[in-house]
file data31.csv (CSV, C-alpha atoms)
chain,number,residue,atom,x,y,z
A,1,MET,CA,39.0,-141.1,82.2
A,2,LYS,CA,35.6,-141.3,80.7
A,3,ALA,CA,34.4,-142.5,77.3
A,4,LEU,CA,31.2,-141.3,75.7
A,5,VAL,CA,29.8,-143.6,73.1
A,6,TYR,CA,27.0,-142.3,70.8
A,7,ILE,CA,25.0,-145.0,69.1
A,8,GLY,CA,22.4,-144.3,66.5
A,9,LEU,CA,20.6,-146.1,63.6
A,10,LYS,CA,22.4,-146.0,60.3
A,11,PRO,CA,20.7,-143.7,57.7
A,12,GLY,CA,18.1,-145.6,55.8
A,13,VAL,CA,17.2,-148.0,58.7
A,14,LEU,CA,13.5,-147.7,59.6
A,15,ASP,CA,13.2,-145.8,62.9
A,16,PRO,CA,9.7,-146.5,64.3
A,17,GLN,CA,10.6,-145.1,67.7
A,18,GLY,CA,11.7,-141.8,66.1
A,19,ARG,CA,8.5,-141.7,64.0
A,20,THR,CA,6.4,-142.2,67.1
A,21,ILE,CA,8.1,-139.4,69.0
A,22,ALA,CA,7.7,-137.0,66.1
A,23,ARG,CA,4.0,-137.9,65.7
A,24,SER,CA,3.3,-137.7,69.4
A,25,LEU,CA,4.9,-134.3,69.6
A,26,ASN,CA,2.8,-133.1,66.6
A,27,ASP,CA,-0.3,-134.5,68.3
A,28,LEU,CA,0.6,-132.5,71.5
A,29,GLY,CA,0.6,-129.3,69.4
A,30,PHE,CA,4.4,-129.1,68.7
A,31,ASP,CA,3.8,-128.6,65.0
A,32,GLU,CA,7.4,-127.4,64.3
A,33,VAL,CA,8.8,-130.9,64.8
A,34,GLU,CA,9.5,-132.3,61.3
A,35,ASN,CA,11.5,-135.3,62.3
A,36,ALA,CA,12.9,-137.2,65.3
A,37,PHE,CA,15.6,-139.8,65.8
A,38,GLN,CA,16.4,-141.6,69.0
A,39,GLY,CA,19.8,-142.9,69.8
A,40,LYS,CA,21.7,-144.0,72.9
A,41,ILE,CA,24.6,-142.6,74.8
A,42,ILE,CA,26.8,-144.9,76.9
A,43,GLU,CA,29.1,-143.2,79.4
A,44,LEU,CA,31.9,-145.5,80.5
A,45,THR,CA,34.3,-144.8,83.5
A,46,LEU,CA,37.7,-146.3,82.6
A,47,SER,CA,40.7,-146.9,84.7
A,48,SER,CA,42.9,-146.5,81.6
A,49,THR,CA,45.6,-143.8,81.4
A,50,ASP,CA,46.5,-143.9,77.7
A,51,THR,CA,43.9,-142.0,75.6
A,52,GLU,CA,44.8,-143.7,72.3
A,53,ALA,CA,44.8,-147.2,73.7
A,54,ALA,CA,41.6,-146.5,75.5
A,55,GLU,CA,39.9,-145.4,72.3
A,56,ALA,CA,41.0,-148.6,70.5
A,57,ARG,CA,39.6,-150.6,73.5
A,58,VAL,CA,36.3,-148.8,73.5
A,59,LYS,CA,36.0,-149.4,69.7
A,60,ALA,CA,36.4,-153.1,70.4
A,61,MET,CA,33.7,-152.9,73.1
A,62,CYS,CA,31.4,-151.3,70.5
A,63,GLU,CA,32.1,-154.0,67.9
A,64,LYS,CA,31.7,-156.8,70.4
A,65,LEU,CA,28.8,-155.7,72.6
A,66,LEU,CA,27.6,-152.1,72.7
A,67,ALA,CA,26.5,-151.5,69.1
A,68,ASN,CA,24.7,-153.7,66.6
A,69,THR,CA,26.9,-152.8,63.6
A,70,VAL,CA,24.5,-154.2,61.1
A,71,ILE,CA,22.0,-151.4,61.7
A,72,GLU,CA,23.8,-149.0,64.0
A,73,ASN,CA,26.6,-146.4,63.7
A,74,TYR,CA,28.7,-145.4,66.7
A,75,ARG,CA,31.0,-142.5,67.6
A,76,ILE,CA,33.5,-142.5,70.5
A,77,GLU,CA,34.5,-139.4,72.5
A,78,ILE,CA,37.2,-139.7,75.1
A,79,VAL,CA,37.0,-137.2,78.0
A,80,THR,CA,40.2,-137.0,80.0
A,81,ALA,CA,39.5,-134.0,82.3
A,82,GLU,CA,36.4,-133.4,84.4
B,1,MET,CA,17.4,-126.1,62.9
B,2,LYS,CA,18.1,-129.1,65.0
B,3,ALA,CA,17.7,-129.8,68.7
B,4,LEU,CA,19.6,-132.4,70.5
B,5,VAL,CA,18.1,-133.6,73.8
B,6,TYR,CA,20.3,-135.7,76.1
B,7,ILE,CA,18.3,-137.6,78.7
B,8,GLY,CA,19.8,-139.6,81.5
B,9,LEU,CA,18.9,-141.0,84.9
B,10,LYS,CA,19.3,-138.6,87.9
B,11,PRO,CA,22.2,-139.3,90.2
B,12,GLY,CA,21.2,-141.8,92.8
B,13,VAL,CA,18.5,-143.5,90.7
B,14,LEU,CA,19.3,-147.2,90.3
B,15,ASP,CA,20.6,-148.0,86.8
B,16,PRO,CA,20.4,-151.7,86.2
B,17,GLN,CA,21.0,-151.3,82.5
B,18,GLY,CA,24.3,-149.5,83.2
B,19,ARG,CA,25.3,-152.1,85.7
B,20,THR,CA,24.6,-154.9,83.2
B,21,ILE,CA,26.7,-153.2,80.6
B,22,ALA,CA,29.6,-152.7,83.0
B,23,ARG,CA,29.5,-156.3,84.2
B,24,SER,CA,29.1,-157.7,80.6
B,25,LEU,CA,32.2,-155.7,79.5
B,26,ASN,CA,34.2,-157.0,82.5
B,27,ASP,CA,33.1,-160.5,81.6
B,28,LEU,CA,34.4,-160.0,78.1
B,29,GLY,CA,37.8,-159.1,79.4
B,30,PHE,CA,37.5,-155.3,79.4
B,31,ASP,CA,38.6,-155.0,83.0
B,32,GLU,CA,39.3,-151.2,82.8
B,33,VAL,CA,35.5,-150.5,82.8
B,34,GLU,CA,34.6,-149.3,86.3
B,35,ASN,CA,31.2,-148.0,85.7
B,36,ALA,CA,28.7,-147.5,82.9
B,37,PHE,CA,25.6,-145.4,82.4
B,38,GLN,CA,23.2,-145.5,79.6
B,39,GLY,CA,21.2,-142.5,78.4
B,40,LYS,CA,19.2,-141.4,75.4
B,41,ILE,CA,19.7,-138.8,72.7
B,42,ILE,CA,16.7,-137.5,70.8
B,43,GLU,CA,17.5,-135.5,67.7
B,44,LEU,CA,14.7,-133.3,66.6
B,45,THR,CA,14.4,-131.5,63.2
B,46,LEU,CA,12.5,-128.2,63.8
B,47,SER,CA,11.0,-125.8,61.3
B,48,SER,CA,11.5,-123.0,63.9
B,49,THR,CA,13.7,-119.9,63.1
B,50,ASP,CA,14.1,-118.3,66.5
B,51,THR,CA,16.7,-120.2,68.6
B,52,GLU,CA,15.5,-118.9,72.0
B,53,ALA,CA,11.9,-119.6,71.3
B,54,ALA,CA,12.8,-123.1,70.0
B,55,GLU,CA,14.8,-123.9,73.2
B,56,ALA,CA,11.8,-123.0,75.3
B,57,ARG,CA,9.5,-125.1,73.1
B,58,VAL,CA,11.9,-128.1,73.3
B,59,LYS,CA,12.0,-127.7,77.1
B,60,ALA,CA,8.2,-128.0,77.1
B,61,MET,CA,8.4,-131.1,74.9
B,62,CYS,CA,10.8,-132.6,77.5
B,63,GLU,CA,8.5,-131.8,80.4
B,64,LYS,CA,5.4,-133.1,78.6
B,65,LEU,CA,6.6,-136.2,76.8
B,66,LEU,CA,10.3,-136.8,76.2
B,67,ALA,CA,11.7,-137.1,79.8
B,68,ASN,CA,10.4,-138.7,82.9
B,69,THR,CA,11.3,-135.8,85.2
B,70,VAL,CA,10.8,-137.8,88.3
B,71,ILE,CA,13.8,-140.0,87.6
B,72,GLU,CA,15.5,-138.3,84.6
B,73,ASN,CA,17.5,-135.2,83.9
B,74,TYR,CA,17.7,-133.7,80.4
B,75,ARG,CA,19.9,-131.2,78.6
B,76,ILE,CA,19.0,-129.4,75.4
B,77,GLU,CA,21.4,-128.3,72.7
B,78,ILE,CA,20.2,-126.2,69.8
B,79,VAL,CA,22.2,-126.7,66.5
B,80,THR,CA,21.5,-124.0,64.0
B,81,ALA,CA,24.1,-124.7,61.3
B,82,GLU,CA,25.0,-128.0,59.8

call {"tool": "encode", "arguments": {"input": "data31.csv", "output": "C-alpha coordinates"}}
result
Amino acid sequence: MKALVYIGLKPGVLDPQGRTIARSLNDLGFDEVENAFQGKIIELTLSSTDTEAAEARVKAMCEKLLANTVIENYRIEIVTAE
Amino acid sequence: MKALVYIGLKPGVLDPQGRTIARSLNDLGFDEVENAFQGKIIELTLSSTDTEAAEARVKAMCEKLLANTVIENYRIEIVTAE
(Lines of atoms letter the chains of each structure in order from A and count residues from 1; the text may use other names and numbers.)
(Lines give C-alpha, C1' and ligand atoms only; values in the text may rest on other atoms or scores of the structure.)
Protein backbone atom coordinates (compact mmCIF):
# COMPACT_ATOMS: atom_id res chain seq x y z
CA MET A 1 0.00 0.00 0.00
CA LYS A 2 0.98 3.64 -0.25
CA ALA A 3 0.89 6.40 2.29
CA LEU A 4 0.72 10.05 1.33
CA VAL A 5 1.97 12.48 3.93
CA TYR A 6 1.14 16.16 3.48
CA ILE A 7 3.36 18.47 5.52
CA GLY A 8 2.81 22.21 5.77
CA LEU A 9 3.70 25.08 8.06
CA LYS A 10 1.34 25.69 10.98
CA PRO A 11 -0.89 28.76 10.66
CA GLY A 12 0.93 31.79 11.98
CA VAL A 13 4.40 30.52 11.15
CA LEU A 14 6.22 32.96 8.86
CA ASP A 15 6.37 31.51 5.32
CA PRO A 16 9.03 33.42 3.36
CA GLN A 17 8.98 30.81 0.57
CA GLY A 18 5.25 31.28 0.03
CA ARG A 19 5.61 35.08 0.10
CA THR A 20 8.35 34.90 -2.52
CA ILE A 21 6.23 32.68 -4.79
CA ALA A 22 3.25 35.04 -4.51
CA ARG A 23 5.38 38.13 -5.18
CA SER A 24 7.20 36.51 -8.11
CA LEU A 25 3.88 35.47 -9.71
CA ASN A 26 2.56 39.02 -9.25
CA ASP A 27 5.72 40.39 -10.85
CA LEU A 28 5.16 38.06 -13.84
CA GLY A 29 1.70 39.58 -14.36
CA PHE A 30 -0.38 37.00 -12.45
CA ASP A 31 -2.15 39.69 -10.45
CA GLU A 32 -4.95 37.34 -9.30
CA VAL A 33 -2.56 35.56 -6.91
CA GLU A 34 -3.32 36.88 -3.43
CA ASN A 35 -1.39 34.40 -1.37
CA ALA A 36 0.75 31.29 -1.72
CA PHE A 37 1.85 28.55 0.66
CA GLN A 38 4.36 25.85 -0.08
CA GLY A 39 4.23 22.45 1.55
CA LYS A 40 5.67 18.99 1.00
CA ILE A 41 4.17 15.67 0.00
CA ILE A 42 6.00 12.47 0.85
CA GLU A 43 4.75 9.33 -0.86
CA LEU A 44 5.78 6.13 0.90
CA THR A 45 5.51 2.63 -0.54
CA LEU A 46 4.86 0.24 2.35
CA SER A 47 4.97 -3.52 2.58
CA SER A 48 2.31 -3.38 5.34
CA THR A 49 -1.04 -5.12 4.93
CA ASP A 50 -3.03 -3.70 7.86
CA THR A 51 -4.28 -0.18 7.05
CA GLU A 52 -4.87 0.92 10.63
CA ALA A 53 -1.52 -0.35 11.87
CA ALA A 54 0.17 1.27 8.87
CA GLU A 55 -1.40 4.63 9.67
CA ALA A 56 -0.15 4.46 13.26
CA ARG A 57 3.35 3.58 12.00
CA VAL A 58 3.34 6.46 9.49
CA LYS A 59 2.26 8.80 12.30
CA ALA A 60 5.31 7.64 14.26
CA MET A 61 7.51 8.29 11.19
CA CYS A 62 6.16 11.84 10.99
CA GLU A 63 6.81 12.52 14.67
CA LYS A 64 10.30 11.03 14.57
CA LEU A 65 11.64 12.14 11.20
CA LEU A 66 9.38 13.52 8.50
CA ALA A 67 7.81 16.59 10.10
CA ASN A 68 9.16 19.28 12.37
CA THR A 69 6.19 19.29 14.72
CA VAL A 70 7.22 22.56 16.35
CA ILE A 71 6.36 24.51 13.20
CA GLU A 72 4.72 21.99 10.87
CA ASN A 73 1.37 20.18 10.64
CA TYR A 74 0.97 16.88 8.84
CA ARG A 75 -1.89 14.87 7.40
CA ILE A 76 -1.69 11.17 6.50
CA GLU A 77 -3.67 9.46 3.74
CA ILE A 78 -3.43 5.71 3.22
CA VAL A 79 -4.02 4.50 -0.35
CA THR A 80 -4.70 0.77 -0.56
CA ALA A 81 -5.72 0.30 -4.21
CA GLU A 82 -3.94 1.67 -7.24
CA MET B 1 -10.92 30.30 -5.01
CA LYS B 2 -7.89 28.21 -4.29
CA ALA B 3 -5.62 26.25 -6.57
CA LEU B 4 -3.54 23.32 -5.38
CA VAL B 5 -0.50 22.52 -7.48
CA TYR B 6 1.21 19.16 -6.92
CA ILE B 7 4.75 19.04 -8.28
CA GLY B 8 6.88 15.91 -8.36
CA LEU B 9 9.85 14.51 -10.19
CA LYS B 10 9.12 12.73 -13.47
CA PRO B 11 9.45 8.94 -13.37
CA GLY B 12 13.03 7.96 -14.08
CA VAL B 13 14.56 11.14 -12.65
CA LEU B 14 17.00 10.31 -9.86
CA ASP B 15 15.46 11.24 -6.49
CA PRO B 16 18.24 11.39 -3.89
CA GLN B 17 15.93 13.11 -1.38
CA GLY B 18 13.42 10.26 -1.58
CA ARG B 19 16.18 7.65 -1.29
CA THR B 20 17.52 9.37 1.81
CA ILE B 21 14.08 9.47 3.43
CA ALA B 22 13.51 5.75 2.74
CA ARG B 23 16.95 4.78 4.07
CA SER B 24 16.62 6.97 7.16
CA LEU B 25 13.21 5.45 7.97
CA ASN B 26 14.67 1.95 7.53
CA ASP B 27 17.55 2.88 9.85
CA LEU B 28 15.00 4.04 12.46
CA GLY B 29 13.37 0.59 12.37
CA PHE B 30 10.55 1.30 9.92
CA ASP B 31 11.43 -1.72 7.80
CA GLU B 32 8.10 -1.71 5.94
CA VAL B 33 9.15 1.38 3.95
CA GLU B 34 10.18 0.17 0.50
CA ASN B 35 10.37 3.45 -1.30
CA ALA B 36 9.82 7.17 -0.78
CA PHE B 37 9.29 10.12 -3.07
CA GLN B 38 9.20 13.74 -2.05
CA GLY B 39 7.20 16.33 -3.93
CA LYS B 40 5.87 19.84 -3.38
CA ILE B 41 2.39 21.27 -2.95
CA ILE B 42 1.80 24.93 -3.65
CA GLU B 43 -1.52 26.35 -2.47
CA LEU B 44 -2.50 29.55 -4.25
CA THR B 45 -5.29 31.89 -3.17
CA LEU B 46 -6.75 33.49 -6.30
CA SER B 47 -9.12 36.40 -6.79
CA SER B 48 -10.39 34.76 -10.03
CA THR B 49 -14.07 33.84 -10.42
CA ASP B 50 -13.98 31.69 -13.59
CA THR B 51 -12.74 28.17 -12.77
CA GLU B 52 -11.70 27.23 -16.30
CA ALA B 53 -9.86 30.48 -16.92
CA ALA B 54 -8.17 30.13 -13.52
CA GLU B 55 -6.96 26.63 -14.36
CA ALA B 56 -5.42 27.86 -17.63
CA ARG B 57 -3.71 30.71 -15.76
CA VAL B 58 -2.34 28.36 -13.09
CA LYS B 59 -1.02 26.10 -15.87
CA ALA B 60 0.83 29.11 -17.27
CA MET B 61 2.23 29.85 -13.78
CA CYS B 62 3.53 26.26 -13.58
CA GLU B 63 5.20 26.46 -16.99
CA LYS B 64 6.74 29.87 -16.29
CA LEU B 65 7.77 29.67 -12.66
CA LEU B 66 6.48 26.95 -10.37
CA ALA B 67 7.68 23.73 -12.02
CA ASN B 68 10.89 22.78 -13.75
CA THR B 69 9.20 20.99 -16.63
CA VAL B 70 12.44 19.35 -17.76
CA ILE B 71 12.45 17.08 -14.71
CA GLU B 72 9.12 17.72 -12.97
CA ASN B 73 5.46 16.85 -13.55
CA TYR B 74 2.66 18.93 -12.13
CA ARG B 75 -1.05 18.46 -11.46
CA ILE B 76 -3.52 21.29 -10.81
CA GLU B 77 -6.63 21.07 -8.67
CA ILE B 78 -9.02 24.01 -8.41
CA VAL B 79 -10.97 24.26 -5.14
CA THR B 80 -13.93 26.61 -5.34
CA ALA B 81 -15.70 26.02 -2.03
CA GLU B 82 -14.13 25.86 1.40

call {"tool": "residues_around", "arguments": {"input": "data31.csv", "residues": "Glu52 (chain A)", "least_positions_apart": "6", "cutoff": "12 Å", "atoms": "only C-alpha atoms", "output": "list in words"}}
result
Met1, Ala3, Val58, Lys59, Ile76, Glu77, Ile78, Val79 and Thr80 of chain A

call {"tool": "interface_residues", "arguments": {"input": "data31.csv", "of": "chain A", "to": "chain B", "cutoff": "7 Å", "atoms": "all atoms listed in the file", "output": "ChimeraX atom specification"}}
result
/A:32-48

call {"tool": "calpha_fit_and_write", "arguments": {"input": "data31.csv", "fixed": "chain A", "moving": "chain B", "output": "mmCIF file with C-alpha atoms, in the frame of the given file"}}
result
data_model
loop_
_atom_site.group_PDB
_atom_site.id
_atom_site.type_symbol
_atom_site.label_atom_id
_atom_site.label_comp_id
_atom_site.auth_asym_id
_atom_site.auth_seq_id
_atom_site.Cartn_x
_atom_site.Cartn_y
_atom_site.Cartn_z
ATOM 1 C CA MET B 1 39.023 -141.079 82.187
ATOM 2 C CA LYS B 2 35.634 -141.246 80.641
ATOM 3 C CA ALA B 3 34.399 -142.468 77.276
ATOM 4 C CA LEU B 4 31.236 -141.354 75.739
ATOM 5 C CA VAL B 5 29.780 -143.634 73.045
ATOM 6 C CA TYR B 6 26.963 -142.257 70.874
ATOM 7 C CA ILE B 7 25.035 -144.984 69.080
ATOM 8 C CA GLY B 8 22.356 -144.370 66.524
ATOM 9 C CA LEU B 9 20.581 -146.117 63.673
ATOM 10 C CA LYS B 10 22.328 -145.982 60.230
ATOM 11 C CA PRO B 11 20.745 -143.727 57.662
ATOM 12 C CA GLY B 12 18.058 -145.569 55.819
ATOM 13 C CA VAL B 13 17.245 -148.013 58.640
ATOM 14 C CA LEU B 14 13.584 -147.686 59.630
ATOM 15 C CA ASP B 15 13.172 -145.845 62.950
ATOM 16 C CA PRO B 16 9.722 -146.448 64.302
ATOM 17 C CA GLN B 17 10.631 -145.075 67.693
ATOM 18 C CA GLY B 18 11.672 -141.757 66.103
ATOM 19 C CA ARG B 19 8.550 -141.655 64.040
ATOM 20 C CA THR B 20 6.384 -142.237 67.131
ATOM 21 C CA ILE B 21 8.100 -139.442 68.948
ATOM 22 C CA ALA B 22 7.663 -137.035 66.044
ATOM 23 C CA ARG B 23 3.987 -137.884 65.621
ATOM 24 C CA SER B 24 3.312 -137.758 69.443
ATOM 25 C CA LEU B 25 4.887 -134.248 69.584
ATOM 26 C CA ASN B 26 2.763 -133.089 66.611
ATOM 27 C CA ASP B 27 -0.282 -134.477 68.364
ATOM 28 C CA LEU B 28 0.566 -132.451 71.424
ATOM 29 C CA GLY B 29 0.615 -129.283 69.418
ATOM 30 C CA PHE B 30 4.352 -129.032 68.710
ATOM 31 C CA ASP B 31 3.837 -128.637 64.989
ATOM 32 C CA GLU B 32 7.430 -127.376 64.306
ATOM 33 C CA VAL B 33 8.783 -130.960 64.805
ATOM 34 C CA GLU B 34 9.512 -132.356 61.338
ATOM 35 C CA ASN B 35 11.478 -135.349 62.230
ATOM 36 C CA ALA B 36 12.881 -137.146 65.253
ATOM 37 C CA PHE B 37 15.551 -139.753 65.838
ATOM 38 C CA GLN B 38 16.355 -141.539 68.964
ATOM 39 C CA GLY B 39 19.822 -142.812 69.860
ATOM 40 C CA LYS B 40 21.752 -143.999 72.873
ATOM 41 C CA ILE B 41 24.641 -142.607 74.876
ATOM 42 C CA ILE B 42 26.756 -144.953 76.955
ATOM 43 C CA GLU B 43 29.079 -143.277 79.413
ATOM 44 C CA LEU B 44 31.895 -145.460 80.507
ATOM 45 C CA THR B 45 34.270 -144.819 83.480
ATOM 46 C CA LEU B 46 37.704 -146.309 82.561
ATOM 47 C CA SER B 47 40.721 -146.925 84.748
ATOM 48 C CA SER B 48 42.905 -146.556 81.595
ATOM 49 C CA THR B 49 45.656 -143.822 81.378
ATOM 50 C CA ASP B 50 46.559 -143.880 77.709
ATOM 51 C CA THR B 51 43.900 -142.047 75.624
ATOM 52 C CA GLU B 52 44.797 -143.700 72.284
ATOM 53 C CA ALA B 53 44.875 -147.151 73.705
ATOM 54 C CA ALA B 54 41.543 -146.520 75.508
ATOM 55 C CA GLU B 55 39.870 -145.330 72.242
ATOM 56 C CA ALA B 56 40.919 -148.527 70.540
ATOM 57 C CA ARG B 57 39.664 -150.621 73.469
ATOM 58 C CA VAL B 58 36.296 -148.762 73.472
ATOM 59 C CA LYS B 59 36.022 -149.362 69.707
ATOM 60 C CA ALA B 60 36.405 -153.089 70.406
ATOM 61 C CA MET B 61 33.738 -152.901 73.115
ATOM 62 C CA CYS B 62 31.417 -151.304 70.501
ATOM 63 C CA GLU B 63 32.108 -153.996 67.928
ATOM 64 C CA LYS B 64 31.704 -156.830 70.447
ATOM 65 C CA LEU B 65 28.791 -155.752 72.602
ATOM 66 C CA LEU B 66 27.654 -152.131 72.678
ATOM 67 C CA ALA B 67 26.505 -151.530 69.028
ATOM 68 C CA ASN B 68 24.658 -153.634 66.573
ATOM 69 C CA THR B 69 26.920 -152.804 63.623
ATOM 70 C CA VAL B 70 24.544 -154.190 61.114
ATOM 71 C CA ILE B 71 21.998 -151.456 61.724
ATOM 72 C CA GLU B 72 23.853 -148.969 63.995
ATOM 73 C CA ASN B 73 26.622 -146.449 63.715
ATOM 74 C CA TYR B 74 28.634 -145.346 66.761
ATOM 75 C CA ARG B 75 30.973 -142.499 67.629
ATOM 76 C CA ILE B 76 33.420 -142.479 70.510
ATOM 77 C CA GLU B 77 34.519 -139.459 72.493
ATOM 78 C CA ILE B 78 37.259 -139.748 75.075
ATOM 79 C CA VAL B 79 36.979 -137.225 78.025
ATOM 80 C CA THR B 80 40.145 -137.022 80.016
ATOM 81 C CA ALA B 81 39.463 -134.065 82.325
ATOM 82 C CA GLU B 82 36.358 -133.366 84.281
#

call {"tool": "atom_distance", "arguments": {"input": "data31.csv", "atom1": "CA of Val13 (chain A)", "atom2": "CA of Ala67 (chain A)"}}
result
14.4 Å

call {"tool": "atom_distance", "arguments": {"input": "data31.csv", "atom1": "CA of Thr69 (chain A)", "atom2": "CA of Pro16 (chain A)"}}
result
18.3 Å

call {"tool": "atom_distance", "arguments": {"input": "data31.csv", "atom1": "CA of Leu14 (chain B)", "atom2": "CA of Glu72 (chain B)"}}
result
11.2 Å
